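Structure data follow from upload-v8.tsv (TSV, C-alpha atoms):
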chain	number	residue	atom	x	y	z
A	1	MET	CA	-32.44	1.99	-14.77
A	2	LYS	CA	-34.19	0.86	-11.62
A	3	ALA	CA	-33.15	-0.68	-8.32
A	4	VAL	CA	-34.70	-3.58	-6.48
A	5	ILE	CA	-34.08	-4.43	-2.83
A	6	PRO	CA	-35.16	-7.86	-1.59
A	7	TYR	CA	-36.43	-7.47	1.97
A	8	LYS	CA	-37.92	-9.52	4.76
A	9	LYS	CA	-38.46	-8.11	8.20
A	10	THR	CA	-40.03	-11.14	9.92
A	11	CYS	CA	-37.45	-13.09	11.91
A	12	ALA	CA	-34.68	-11.33	10.00
A	13	LYS	CA	-30.95	-11.86	10.53
A	14	SER	CA	-31.03	-14.99	12.64
A	15	ARG	CA	-27.22	-15.12	12.68
A	16	LEU	CA	-27.24	-11.93	14.74
A	17	SER	CA	-29.36	-13.65	17.40
A	18	PRO	CA	-26.37	-14.23	19.74
A	19	VAL	CA	-26.17	-10.44	20.23
A	20	LEU	CA	-29.57	-8.95	19.28
A	21	SER	CA	-33.09	-10.02	20.24
A	22	GLN	CA	-35.68	-10.66	17.54
A	23	GLU	CA	-37.27	-7.27	18.18
A	24	GLU	CA	-33.87	-5.55	17.93
A	25	ARG	CA	-33.01	-7.42	14.74
A	26	GLU	CA	-36.30	-6.34	13.19
A	27	GLU	CA	-35.66	-2.73	14.19
A	28	PHE	CA	-32.11	-2.92	12.84
A	29	VAL	CA	-33.10	-4.34	9.42
A	30	GLU	CA	-35.69	-1.60	9.06
A	31	LEU	CA	-33.03	1.06	9.77
A	32	MET	CA	-30.68	-0.60	7.28
A	33	LEU	CA	-33.38	-0.75	4.59
A	34	ASN	CA	-34.10	2.95	5.01
A	35	GLN	CA	-30.42	3.83	4.87
A	36	VAL	CA	-29.91	1.81	1.67
A	37	ILE	CA	-32.93	3.52	0.09
A	38	ASP	CA	-31.55	6.95	1.03
A	39	THR	CA	-28.18	6.01	-0.47
A	40	LEU	CA	-29.86	4.98	-3.74
A	41	LEU	CA	-31.91	8.18	-3.82
A	42	GLU	CA	-28.78	10.27	-3.17
A	43	ALA	CA	-27.09	8.45	-6.06
A	44	GLY	CA	-29.92	9.63	-8.31
A	45	ILE	CA	-31.80	6.35	-8.73
A	46	LYS	CA	-35.42	7.33	-9.35
A	47	THR	CA	-37.25	4.00	-9.33
A	48	ILE	CA	-36.70	1.84	-6.26
A	49	ASP	CA	-38.70	-1.33	-5.73
A	50	ILE	CA	-38.74	-3.33	-2.52
A	51	LEU	CA	-39.43	-6.99	-3.18
A	52	SER	CA	-40.86	-8.65	-0.09
A	53	PRO	CA	-42.87	-11.76	0.79
A	54	SER	CA	-44.89	-9.70	3.27
A	55	ILE	CA	-46.14	-6.17	3.87
A	56	TYR	CA	-44.93	-6.45	7.49
A	57	GLY	CA	-42.78	-3.41	8.28
A	58	LEU	CA	-43.51	-1.79	4.92
A	59	GLU	CA	-47.01	-0.50	5.71
A	60	ASN	CA	-45.88	3.12	5.73
A	61	MET	CA	-43.11	2.95	3.11
A	62	LYS	CA	-43.24	6.13	1.03
A	63	LYS	CA	-39.74	6.37	-0.40
A	64	ALA	CA	-39.97	3.22	-2.54
A	65	ASN	CA	-42.52	0.97	-4.24
A	66	VAL	CA	-43.47	-2.21	-2.44
A	67	LEU	CA	-43.88	-5.35	-4.54
A	68	LEU	CA	-45.21	-8.42	-2.75
A	69	ASP	CA	-44.09	-11.85	-3.89
A	70	LYS	CA	-44.34	-14.82	-1.57
A	71	SER	CA	-42.03	-17.04	-3.59
A	72	ASP	CA	-38.42	-17.90	-2.82
A	73	LEU	CA	-35.89	-15.06	-3.27
A	74	ASN	CA	-34.47	-16.41	-6.54
A	75	GLU	CA	-37.87	-17.16	-8.07
A	76	ALA	CA	-39.19	-13.71	-7.14
A	77	LEU	CA	-36.09	-11.91	-8.45
A	78	ASN	CA	-35.99	-13.88	-11.69
A	79	ARG	CA	-39.65	-13.08	-12.33
A	80	TYR	CA	-38.80	-9.42	-11.68
A	81	LEU	CA	-35.87	-9.54	-14.11
A	82	GLU	CA	-37.95	-11.23	-16.84
A	83	GLN	CA	-40.47	-8.41	-16.72
A	84	ALA	CA	-37.93	-5.56	-16.50
A	85	GLU	CA	-37.48	-3.41	-19.57
A	86	GLU	CA	-34.47	-1.45	-18.34
A	87	PRO	CA	-31.19	-2.19	-16.51
A	88	VAL	CA	-31.69	-3.49	-12.97
A	89	LEU	CA	-29.56	-2.93	-9.88
A	90	ILE	CA	-30.16	-5.59	-7.24
A	91	VAL	CA	-29.06	-4.28	-3.84
A	92	MET	CA	-29.17	-6.25	-0.63
A	93	ALA	CA	-30.93	-4.45	2.23
A	94	ASP	CA	-28.15	-5.05	4.77
A	95	LEU	CA	-25.48	-2.71	3.41
A	96	PRO	CA	-25.33	0.31	5.73
A	97	LEU	CA	-21.75	1.11	4.62
A	98	LEU	CA	-22.84	1.61	1.01
A	99	SER	CA	-22.39	5.16	-0.31
A	100	PRO	CA	-23.85	7.01	-3.31
A	101	ASP	CA	-20.36	6.90	-4.89
A	102	HIS	CA	-20.39	3.10	-4.78
A	103	VAL	CA	-23.78	3.07	-6.50
A	104	LYS	CA	-22.57	5.48	-9.17
A	105	GLY	CA	-19.37	3.46	-9.66
A	106	ILE	CA	-21.25	0.19	-10.06
A	107	THR	CA	-23.94	1.49	-12.41
A	108	SER	CA	-21.41	3.26	-14.64
A	109	THR	CA	-19.69	-0.01	-15.53
A	110	LYS	CA	-18.73	-0.56	-19.17
A	111	GLU	CA	-19.43	-4.28	-18.88
A	112	ASP	CA	-22.78	-6.09	-19.23
A	113	LEU	CA	-22.81	-6.83	-15.52
A	114	CYS	CA	-21.15	-5.49	-12.40
A	115	ILE	CA	-20.94	-7.44	-9.16
A	116	ALA	CA	-19.86	-6.36	-5.67
A	117	PRO	CA	-18.85	-9.50	-3.78
A	118	GLY	CA	-19.76	-9.85	-0.11
A	119	LYS	CA	-17.92	-11.72	2.60
A	120	GLY	CA	-17.94	-15.50	2.38
A	121	GLY	CA	-18.82	-15.77	-1.31
A	122	GLY	CA	-21.96	-13.64	-1.27
A	123	THR	CA	-23.29	-11.19	-3.84
A	124	ASN	CA	-24.03	-7.84	-2.23
A	125	ILE	CA	-24.86	-5.86	-5.35
A	126	LEU	CA	-25.51	-6.98	-8.90
A	127	PHE	CA	-26.06	-4.60	-11.78
A	128	ILE	CA	-27.62	-6.20	-14.86
A	129	LYS	CA	-27.85	-4.25	-18.10
A	130	ASN	CA	-29.94	-6.86	-19.93
A	131	PRO	CA	-32.21	-8.31	-17.24
A	132	SER	CA	-34.23	-10.52	-19.60
A	133	GLU	CA	-31.01	-12.37	-20.51
A	134	TYR	CA	-29.80	-13.11	-16.98
A	135	LYS	CA	-31.01	-15.26	-14.12
A	136	VAL	CA	-29.82	-14.92	-10.54
A	137	LYS	CA	-29.03	-17.67	-8.07
A	138	TYR	CA	-28.49	-16.36	-4.55
A	139	TYR	CA	-27.48	-18.43	-1.49
A	140	GLY	CA	-24.32	-20.53	-1.20
A	141	SER	CA	-21.34	-19.24	-3.11
A	142	SER	CA	-23.46	-16.89	-5.22
A	143	PHE	CA	-20.54	-14.67	-6.22
A	144	LEU	CA	-18.88	-17.56	-8.07
A	145	THR	CA	-22.27	-18.72	-9.40
A	146	HIS	CA	-23.10	-15.27	-10.77
A	147	CYS	CA	-19.69	-15.02	-12.47
A	148	LEU	CA	-20.29	-18.45	-14.00
A	149	ILE	CA	-23.77	-17.51	-15.26
A	150	ALA	CA	-22.21	-14.42	-16.88
A	151	GLU	CA	-19.65	-16.63	-18.62
A	152	LYS	CA	-22.23	-19.17	-19.78
A	153	THR	CA	-24.52	-16.49	-21.19
A	154	GLU	CA	-21.53	-14.70	-22.77
A	155	GLN	CA	-21.98	-11.49	-20.83
A	156	SER	CA	-18.98	-9.53	-19.60
A	157	ILE	CA	-18.72	-8.83	-15.88
A	158	GLU	CA	-16.85	-6.28	-13.78
A	159	ILE	CA	-15.93	-7.18	-10.21
A	160	TYR	CA	-16.42	-4.11	-8.02
A	161	ASP	CA	-13.77	-4.30	-5.35
A	162	SER	CA	-14.99	-2.47	-2.23
A	163	PHE	CA	-14.48	-3.21	1.45
A	164	LEU	CA	-17.48	-1.08	2.39
A	165	ALA	CA	-19.90	-2.36	-0.26
A	166	GLY	CA	-18.57	-5.84	0.50
A	167	THR	CA	-19.53	-5.71	4.17
A	168	ASP	CA	-23.07	-6.99	4.69
A	169	MET	CA	-24.44	-7.23	8.20
A	170	ASP	CA	-24.94	-10.92	8.89
A	171	GLU	CA	-22.82	-11.84	11.87
A	172	PRO	CA	-21.72	-10.11	15.09
A	173	GLU	CA	-18.25	-9.33	13.68
A	174	ASP	CA	-19.92	-7.30	10.90
A	175	LEU	CA	-21.32	-4.92	13.51
A	176	VAL	CA	-17.71	-4.12	14.39
A	177	GLU	CA	-17.23	-2.77	10.86
A	178	LEU	CA	-20.39	-0.68	11.26
A	179	LEU	CA	-19.02	0.85	14.46
A	180	ILE	CA	-15.67	1.58	12.78
A	181	HIS	CA	-16.73	2.65	9.29
A	182	GLY	CA	-20.43	3.43	9.60
A	183	SER	CA	-22.56	6.52	9.99
A	184	ARG	CA	-26.13	7.69	10.52
A	185	ALA	CA	-29.03	5.79	12.13
A	186	THR	CA	-27.68	2.24	11.78
A	187	LYS	CA	-24.38	3.13	13.45
A	188	GLU	CA	-26.16	5.07	16.19
A	189	TYR	CA	-28.44	2.10	16.87
A	190	ILE	CA	-25.52	-0.33	17.30
A	191	ASN	CA	-23.41	2.27	19.10
A	192	GLU	CA	-26.02	2.47	21.86
A	193	LYS	CA	-25.74	-1.24	22.55
A	194	PHE	CA	-22.12	-2.18	21.93
A	195	ARG	CA	-18.57	-0.94	22.20
A	196	LEU	CA	-15.37	-2.03	20.52
A	197	GLU	CA	-13.17	-4.37	22.53
A	198	THR	CA	-9.56	-4.18	21.44
A	199	SER	CA	-6.81	-6.69	21.99
A	200	ARG	CA	-3.84	-7.73	19.86
A	201	GLY	CA	-6.08	-9.48	17.31
A	202	ARG	CA	-9.07	-8.08	15.47
A	203	VAL	CA	-11.40	-5.75	17.31
A	204	ARG	CA	-14.44	-7.56	18.75
A	205	LEU	CA	-17.91	-6.54	19.83
A	206	ALA	CA	-18.69	-6.14	23.52
A	207	PRO	CA	-22.01	-5.20	25.14
A	208	ILE	CA	-22.16	-1.81	26.85
B	1	MET	CA	9.55	5.52	-2.58
B	2	LYS	CA	10.26	2.26	-0.83
B	3	ALA	CA	8.20	-0.53	0.68
B	4	VAL	CA	8.63	-2.26	3.99
B	5	ILE	CA	7.03	-5.57	4.97
B	6	PRO	CA	7.02	-6.54	8.66
B	7	TYR	CA	7.50	-10.31	8.86
B	8	LYS	CA	7.84	-13.05	11.42
B	9	LYS	CA	7.83	-16.69	10.46
B	10	THR	CA	8.30	-18.28	13.90
B	11	CYS	CA	4.97	-19.41	15.37
B	12	ALA	CA	3.17	-17.22	12.85
B	13	LYS	CA	-0.60	-16.88	12.55
B	14	SER	CA	-1.68	-18.53	15.77
B	15	ARG	CA	-5.33	-17.76	15.04
B	16	LEU	CA	-5.12	-20.17	12.10
B	17	SER	CA	-4.09	-22.97	14.46
B	18	PRO	CA	-7.60	-24.54	14.53
B	19	VAL	CA	-7.11	-25.47	10.86
B	20	LEU	CA	-3.35	-25.45	10.13
B	21	SER	CA	-0.44	-26.97	12.05
B	22	GLN	CA	2.51	-24.82	13.05
B	23	GLU	CA	4.58	-26.23	10.18
B	24	GLU	CA	1.78	-25.50	7.73
B	25	ARG	CA	1.30	-21.98	9.06
B	26	GLU	CA	5.00	-21.29	8.64
B	27	GLU	CA	4.92	-22.62	5.08
B	28	PHE	CA	1.83	-20.54	4.34
B	29	VAL	CA	3.26	-17.24	5.67
B	30	GLU	CA	6.38	-17.80	3.57
B	31	LEU	CA	4.25	-18.27	0.45
B	32	MET	CA	2.23	-15.16	1.31
B	33	LEU	CA	5.39	-13.08	1.85
B	34	ASN	CA	6.75	-14.13	-1.54
B	35	GLN	CA	3.47	-13.34	-3.25
B	36	VAL	CA	3.31	-9.87	-1.67
B	37	ILE	CA	6.91	-9.18	-2.76
B	38	ASP	CA	6.08	-10.28	-6.32
B	39	THR	CA	3.04	-7.99	-6.32
B	40	LEU	CA	5.18	-5.02	-5.20
B	41	LEU	CA	7.81	-5.80	-7.83
B	42	GLU	CA	5.12	-6.06	-10.52
B	43	ALA	CA	3.81	-2.66	-9.39
B	44	GLY	CA	7.26	-1.23	-10.08
B	45	ILE	CA	8.47	-0.77	-6.48
B	46	LYS	CA	12.26	-1.06	-6.64
B	47	THR	CA	13.30	-1.01	-2.98
B	48	ILE	CA	11.61	-3.59	-0.78
B	49	ASP	CA	12.74	-4.12	2.81
B	50	ILE	CA	11.61	-6.97	5.02
B	51	LEU	CA	11.66	-6.00	8.68
B	52	SER	CA	11.95	-9.07	10.85
B	53	PRO	CA	13.01	-9.93	14.40
B	54	SER	CA	14.80	-13.03	13.09
B	55	ILE	CA	16.57	-14.33	9.99
B	56	TYR	CA	14.52	-17.56	10.28
B	57	GLY	CA	12.91	-18.26	6.90
B	58	LEU	CA	14.73	-15.38	5.23
B	59	GLU	CA	18.14	-17.06	4.85
B	60	ASN	CA	17.80	-17.29	1.07
B	61	MET	CA	15.77	-14.16	0.39
B	62	LYS	CA	17.03	-12.60	-2.83
B	63	LYS	CA	14.07	-10.50	-3.99
B	64	ALA	CA	14.15	-8.06	-1.06
B	65	ASN	CA	16.49	-6.64	1.58
B	66	VAL	CA	16.33	-8.20	5.03
B	67	LEU	CA	16.54	-5.82	8.00
B	68	LEU	CA	16.74	-7.42	11.42
B	69	ASP	CA	15.24	-5.65	14.41
B	70	LYS	CA	14.31	-7.55	17.53
B	71	SER	CA	12.12	-4.82	18.98
B	72	ASP	CA	8.35	-4.71	19.04
B	73	LEU	CA	6.63	-4.11	15.67
B	74	ASN	CA	5.75	-0.48	16.38
B	75	GLU	CA	9.17	0.38	17.76
B	76	ALA	CA	10.95	-1.23	14.80
B	77	LEU	CA	8.67	0.44	12.24
B	78	ASN	CA	8.93	3.87	13.87
B	79	ARG	CA	12.73	3.62	13.87
B	80	TYR	CA	12.53	2.67	10.17
B	81	LEU	CA	10.27	5.67	9.44
B	82	GLU	CA	12.53	8.10	11.32
B	83	GLN	CA	15.48	7.09	9.17
B	84	ALA	CA	13.61	7.03	5.86
B	85	GLU	CA	14.34	9.82	3.41
B	86	GLU	CA	11.61	9.01	0.91
B	87	PRO	CA	7.90	8.01	1.04
B	88	VAL	CA	7.29	4.64	2.69
B	89	LEU	CA	4.68	2.01	1.89
B	90	ILE	CA	4.07	-0.31	4.84
B	91	VAL	CA	2.51	-3.55	3.60
B	92	MET	CA	1.47	-6.44	5.79
B	93	ALA	CA	2.85	-9.80	4.69
B	94	ASP	CA	-0.51	-11.61	4.83
B	95	LEU	CA	-2.25	-10.04	1.83
B	96	PRO	CA	-2.30	-12.64	-0.94
B	97	LEU	CA	-5.27	-10.94	-2.64
B	98	LEU	CA	-3.29	-7.73	-3.16
B	99	SER	CA	-2.68	-6.83	-6.81
B	100	PRO	CA	-0.21	-4.46	-8.51
B	101	ASP	CA	-3.19	-2.19	-9.35
B	102	HIS	CA	-3.98	-1.81	-5.64
B	103	VAL	CA	-0.36	-0.83	-4.97
B	104	LYS	CA	-0.40	1.69	-7.82
B	105	GLY	CA	-3.72	3.09	-6.63
B	106	ILE	CA	-2.54	3.53	-3.07
B	107	THR	CA	0.84	5.06	-3.90
B	108	SER	CA	-0.69	7.52	-6.38
B	109	THR	CA	-2.80	9.18	-3.67
B	110	LYS	CA	-2.96	12.97	-3.66
B	111	GLU	CA	-3.14	13.04	0.14
B	112	ASP	CA	-0.26	12.92	2.64
B	113	LEU	CA	-1.25	9.40	3.66
B	114	CYS	CA	-3.27	6.54	2.23
B	115	ILE	CA	-4.63	3.69	4.34
B	116	ALA	CA	-6.23	0.41	3.33
B	117	PRO	CA	-8.29	-0.81	6.29
B	118	GLY	CA	-8.35	-4.49	7.14
B	119	LYS	CA	-11.12	-6.51	8.74
B	120	GLY	CA	-11.83	-5.79	12.39
B	121	GLY	CA	-10.19	-2.38	12.55
B	122	GLY	CA	-6.77	-3.34	11.22
B	123	THR	CA	-4.40	-1.45	8.96
B	124	ASN	CA	-3.38	-3.59	6.01
B	125	ILE	CA	-1.45	-1.01	4.02
B	126	LEU	CA	-0.24	2.44	4.98
B	127	PHE	CA	1.45	4.81	2.57
B	128	ILE	CA	3.30	7.68	4.22
B	129	LYS	CA	4.68	10.52	2.12
B	130	ASN	CA	6.55	12.22	4.99
B	131	PRO	CA	7.76	9.31	7.14
B	132	SER	CA	9.77	11.46	9.55
B	133	GLU	CA	6.54	13.24	10.53
B	134	TYR	CA	4.42	10.18	11.25
B	135	LYS	CA	4.47	7.42	13.85
B	136	VAL	CA	2.58	4.16	13.53
B	137	LYS	CA	0.69	2.30	16.22
B	138	TYR	CA	-0.37	-1.16	15.11
B	139	TYR	CA	-2.50	-3.65	17.11
B	140	GLY	CA	-5.99	-2.97	18.44
B	141	SER	CA	-8.11	-0.70	16.34
B	142	SER	CA	-5.10	0.58	14.40
B	143	PHE	CA	-7.19	1.88	11.49
B	144	LEU	CA	-8.92	4.40	13.76
B	145	THR	CA	-5.65	5.15	15.57
B	146	HIS	CA	-3.82	5.83	12.31
B	147	CYS	CA	-6.61	8.16	11.14
B	148	LEU	CA	-6.41	9.97	14.47
B	149	ILE	CA	-2.62	10.34	14.26
B	150	ALA	CA	-3.07	11.83	10.78
B	151	GLU	CA	-5.56	14.34	12.19
B	152	LYS	CA	-3.35	15.26	15.15
B	153	THR	CA	-0.29	15.81	12.95
B	154	GLU	CA	-2.39	17.73	10.41
B	155	GLN	CA	-1.75	15.33	7.56
B	156	SER	CA	-4.50	14.51	5.06
B	157	ILE	CA	-5.47	10.86	4.62
B	158	GLU	CA	-7.21	8.87	1.89
B	159	ILE	CA	-9.08	5.73	2.85
B	160	TYR	CA	-8.50	3.11	0.17
B	161	ASP	CA	-11.68	1.08	-0.06
B	162	SER	CA	-10.85	-2.42	-1.30
B	163	PHE	CA	-12.36	-5.78	-0.41
B	164	LEU	CA	-9.28	-7.60	-1.70
B	165	ALA	CA	-6.62	-5.37	-0.11
B	166	GLY	CA	-8.80	-5.38	3.02
B	167	THR	CA	-8.69	-9.15	3.42
B	168	ASP	CA	-5.72	-10.21	5.53
B	169	MET	CA	-5.28	-13.87	6.37
B	170	ASP	CA	-5.74	-14.16	10.12
B	171	GLU	CA	-8.64	-16.50	10.75
B	172	PRO	CA	-10.06	-19.61	9.08
B	173	GLU	CA	-12.88	-17.63	7.41
B	174	ASP	CA	-10.22	-15.54	5.60
B	175	LEU	CA	-9.00	-18.67	3.83
B	176	VAL	CA	-12.48	-18.89	2.29
B	177	GLU	CA	-11.83	-15.54	0.59
B	178	LEU	CA	-8.49	-16.85	-0.68
B	179	LEU	CA	-10.22	-19.89	-2.22
B	180	ILE	CA	-12.85	-17.66	-3.84
B	181	HIS	CA	-10.81	-14.62	-4.92
B	182	GLY	CA	-7.20	-15.81	-4.78
B	183	SER	CA	-4.62	-17.02	-7.26
B	184	ARG	CA	-1.12	-18.44	-7.52
B	185	ALA	CA	0.87	-20.35	-4.87
B	186	THR	CA	-1.08	-19.27	-1.77
B	187	LYS	CA	-4.40	-20.32	-3.26
B	188	GLU	CA	-2.96	-23.60	-4.51
B	189	TYR	CA	-1.58	-24.34	-1.05
B	190	ILE	CA	-4.94	-23.83	0.66
B	191	ASN	CA	-6.83	-25.46	-2.20
B	192	GLU	CA	-4.94	-28.70	-1.58
B	193	LYS	CA	-6.14	-28.84	2.02
B	194	PHE	CA	-9.63	-27.37	2.04
B	195	ARG	CA	-12.80	-27.06	0.05
B	196	LEU	CA	-15.70	-24.61	0.22
B	197	GLU	CA	-18.74	-25.78	2.13
B	198	THR	CA	-21.88	-23.99	1.02
B	199	SER	CA	-25.14	-23.63	2.85
B	200	ARG	CA	-27.69	-20.82	2.99
B	201	GLY	CA	-25.33	-18.59	5.01
B	202	ARG	CA	-21.77	-17.61	4.20
B	203	VAL	CA	-19.48	-20.17	2.63
B	204	ARG	CA	-17.32	-21.97	5.21
B	205	LEU	CA	-14.05	-23.87	5.14
B	206	ALA	CA	-14.09	-27.67	5.22
B	207	PRO	CA	-11.10	-30.03	5.19
B	208	ILE	CA	-10.68	-32.19	2.08
Could the structure of this file be written out as structure tokens, please?
Amino acid sequence: MKAVIPYKKTCAKSRLSPVLSQEEREEFVELMLNQVIDTLLEAGIKTIDILSPSIYGLENMKKANVLLDKSDLNEALNRYLEQAEEPVLIVMADLPLLSPDHVKGITSTKEDLCIAPGKGGGTNILFIKNPSEYKVKYYGSSFLTHCLIAEKTEQSIEIYDSFLAGTDMDEPEDLVELLIHGSRATKEYINEKFRLETSRGRVRLAPI
Amino acid sequence: MKAVIPYKKTCAKSRLSPVLSQEEREEFVELMLNQVIDTLLEAGIKTIDILSPSIYGLENMKKANVLLDKSDLNEALNRYLEQAEEPVLIVMADLPLLSPDHVKGITSTKEDLCIAPGKGGGTNILFIKNPSEYKVKYYGSSFLTHCLIAEKTEQSIEIYDSFLAGTDMDEPEDLVELLIHGSRATKEYINEKFRLETSRGRVRLAPI
């Protein structure tokens, strides 16, 4: 089994631009990437590939292999899957709440595939036992799309139901979850800049 | 063990007012309440109490007991806990993605308490084995508060990590999750009024 993390540092996370500058967003995605890699390593995953259109921010990466592919995310990932000769775990780089137990839970599925849905129809993690028989299609409602591709190719799929693995960092409200449920460098980074603002509704983000 | 569902139909769910009228919101909360009750019944919970400040919308309730208490949510719930002589499961009424398996998982905890966090620091479900020794404090960042109360009263707590149990219906984006992951009457109700609008970011809600 091996893991692949799609990654792009340049101009990352534009939907966080209302609260973080471009420089801060680039710092934050780098911290998240490193935390996800550490989580995978702690879960016992030995081969970790980072799939990126650019070497920017990965010049000194030692904990994982860097594979450069300038094509679109889906094209690059599907080429990766075609060439893979073992099960593949696709993990998004923006999951600082992911724990080694989640990774172990997902990769020990009895089904052909295991998917951890993200907020708003996304696919945060996808474990594929037979990568040459599956194609991914990220963007849009990719969770439903990936379930449909499983059905069409007659592969069974487990839905991994986790609040923490389901929380990717895309929008300011997601940083609230990091402050509440997070740990380590990513939480510390956000904790230096924001505090929780409580009212009768959901907790919101407020600058310090 | 018994379950209690705090409920208020009048002017419910004001944060859904950008997309649903007051009449629609009241219809929707009634559907959600019924679905939560059915889920609890399917999980084998025999005593279900609805704690409400008013009989409005509960005039014909047959599946659960109706307890009227005009006080504030926390005051009413803490009075309920004080008088309880068995473990209590507090379930919010706006959890249409909750399944019997979640309920069984939560109530089979080995700890003194089990909490299912909601989005934005909320507490969606709280299972309390020794109700006379615990007080709740909803609103604000109640998830953190409830963990802290557990610590102060020296009671152990399990955090129940579920995307589906963690998704309460408070804001328009939550209805997206209902369309993607939901089922039965609540999904059908929202499905008649909205469709999913996909772009490169998260899926959004669009009127039909």
**Study point:** Which residue of B:Lys13, B:Gly122, B:Ser156, B:Leu67 approaches B:Ser141 most closely, using all atoms listed in the file
**Key:** B:Gly122
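Interatomic distance, atom CA of A:Leu179 to atom CA of A:Leu89: 26.8 Å.
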Practice item. Counting only C-alpha atoms, note down every residue that has an atom within 9 Å of the point (-12.6, -13.9, -1.3) (file coordinates), as a VMD selection string. Key: (chain A and resid 117 to 121) or (chain B and resid 97 163 to 164 167 174 to 182)
Could you please tell me, as a PDB file with C-alpha atoms, keeping the file's coordinate frame, which residues of chain B have an atom within 6 Å of chain A when using all atoms listed in the file?
ATOM      1  CA  GLY B 120     -11.830  -5.790  12.390  1.00  0.00           C
ATOM      2  CA  GLY B 121     -10.190  -2.380  12.550  1.00  0.00           C
ATOM      3  CA  TYR B 139      -2.500  -3.650  17.110  1.00  0.00           C
ATOM      4  CA  GLY B 140      -5.990  -2.970  18.440  1.00  0.00           C
ATOM      5  CA  ASP B 161     -11.680   1.080  -0.060  1.00  0.00           C
ATOM      6  CA  SER B 162     -10.850  -2.420  -1.300  1.00  0.00           C
ATOM      7  CA  PHE B 163     -12.360  -5.780  -0.410  1.00  0.00           C
ATOM      8  CA  THR B 198     -21.880 -23.990   1.020  1.00  0.00           C
ATOM      9  CA  SER B 199     -25.140 -23.630   2.850  1.00  0.00           C
ATOM     10  CA  ARG B 200     -27.690 -20.820   2.990  1.00  0.00           C
ATOM     11  CA  ARG B 202     -21.770 -17.610   4.200  1.00  0.00           C
ATOM     12  CA  VAL B 203     -19.480 -20.170   2.630  1.00  0.00           C
TER      13      VAL B 203
END
Exercise for review: Go through A:Glu133, A:Leu41, A:Ile125, A:Pro87 one by one, measure the shortest atom-to-atom distance of each to A:Ala64 using all atoms listed in the file, and give the residue with the smallest value.
Suggested key: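 Result for the nearest residue to A:Ala64: A:Leu41.
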Review point. Rounded to one decimal in Å, what is the spacing between atom CA of B:Ile45 and atom CA of B:Met32?
Key: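 Calculated distance between atom CA of B:Ile45 and atom CA of B:Met32 is 17.5 Å.
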Check your understanding: Could you work out how far atom CA of A:Gln155 lies from atom CA of B:Gly105, giving the answer in Å with one decimal?
Key -> 27.3 Å
**Study point:** From B:Lys46, B:Lys9, B:Lys193, B:Lys187, residue lying nearest B:Ala93 [all atoms listed in the file]
**Key:**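 Checking each of B:Lys46, B:Lys9, B:Lys193, B:Lys187 against B:Ala93, counting all atoms listed in the file, the winner is B:Lys9.
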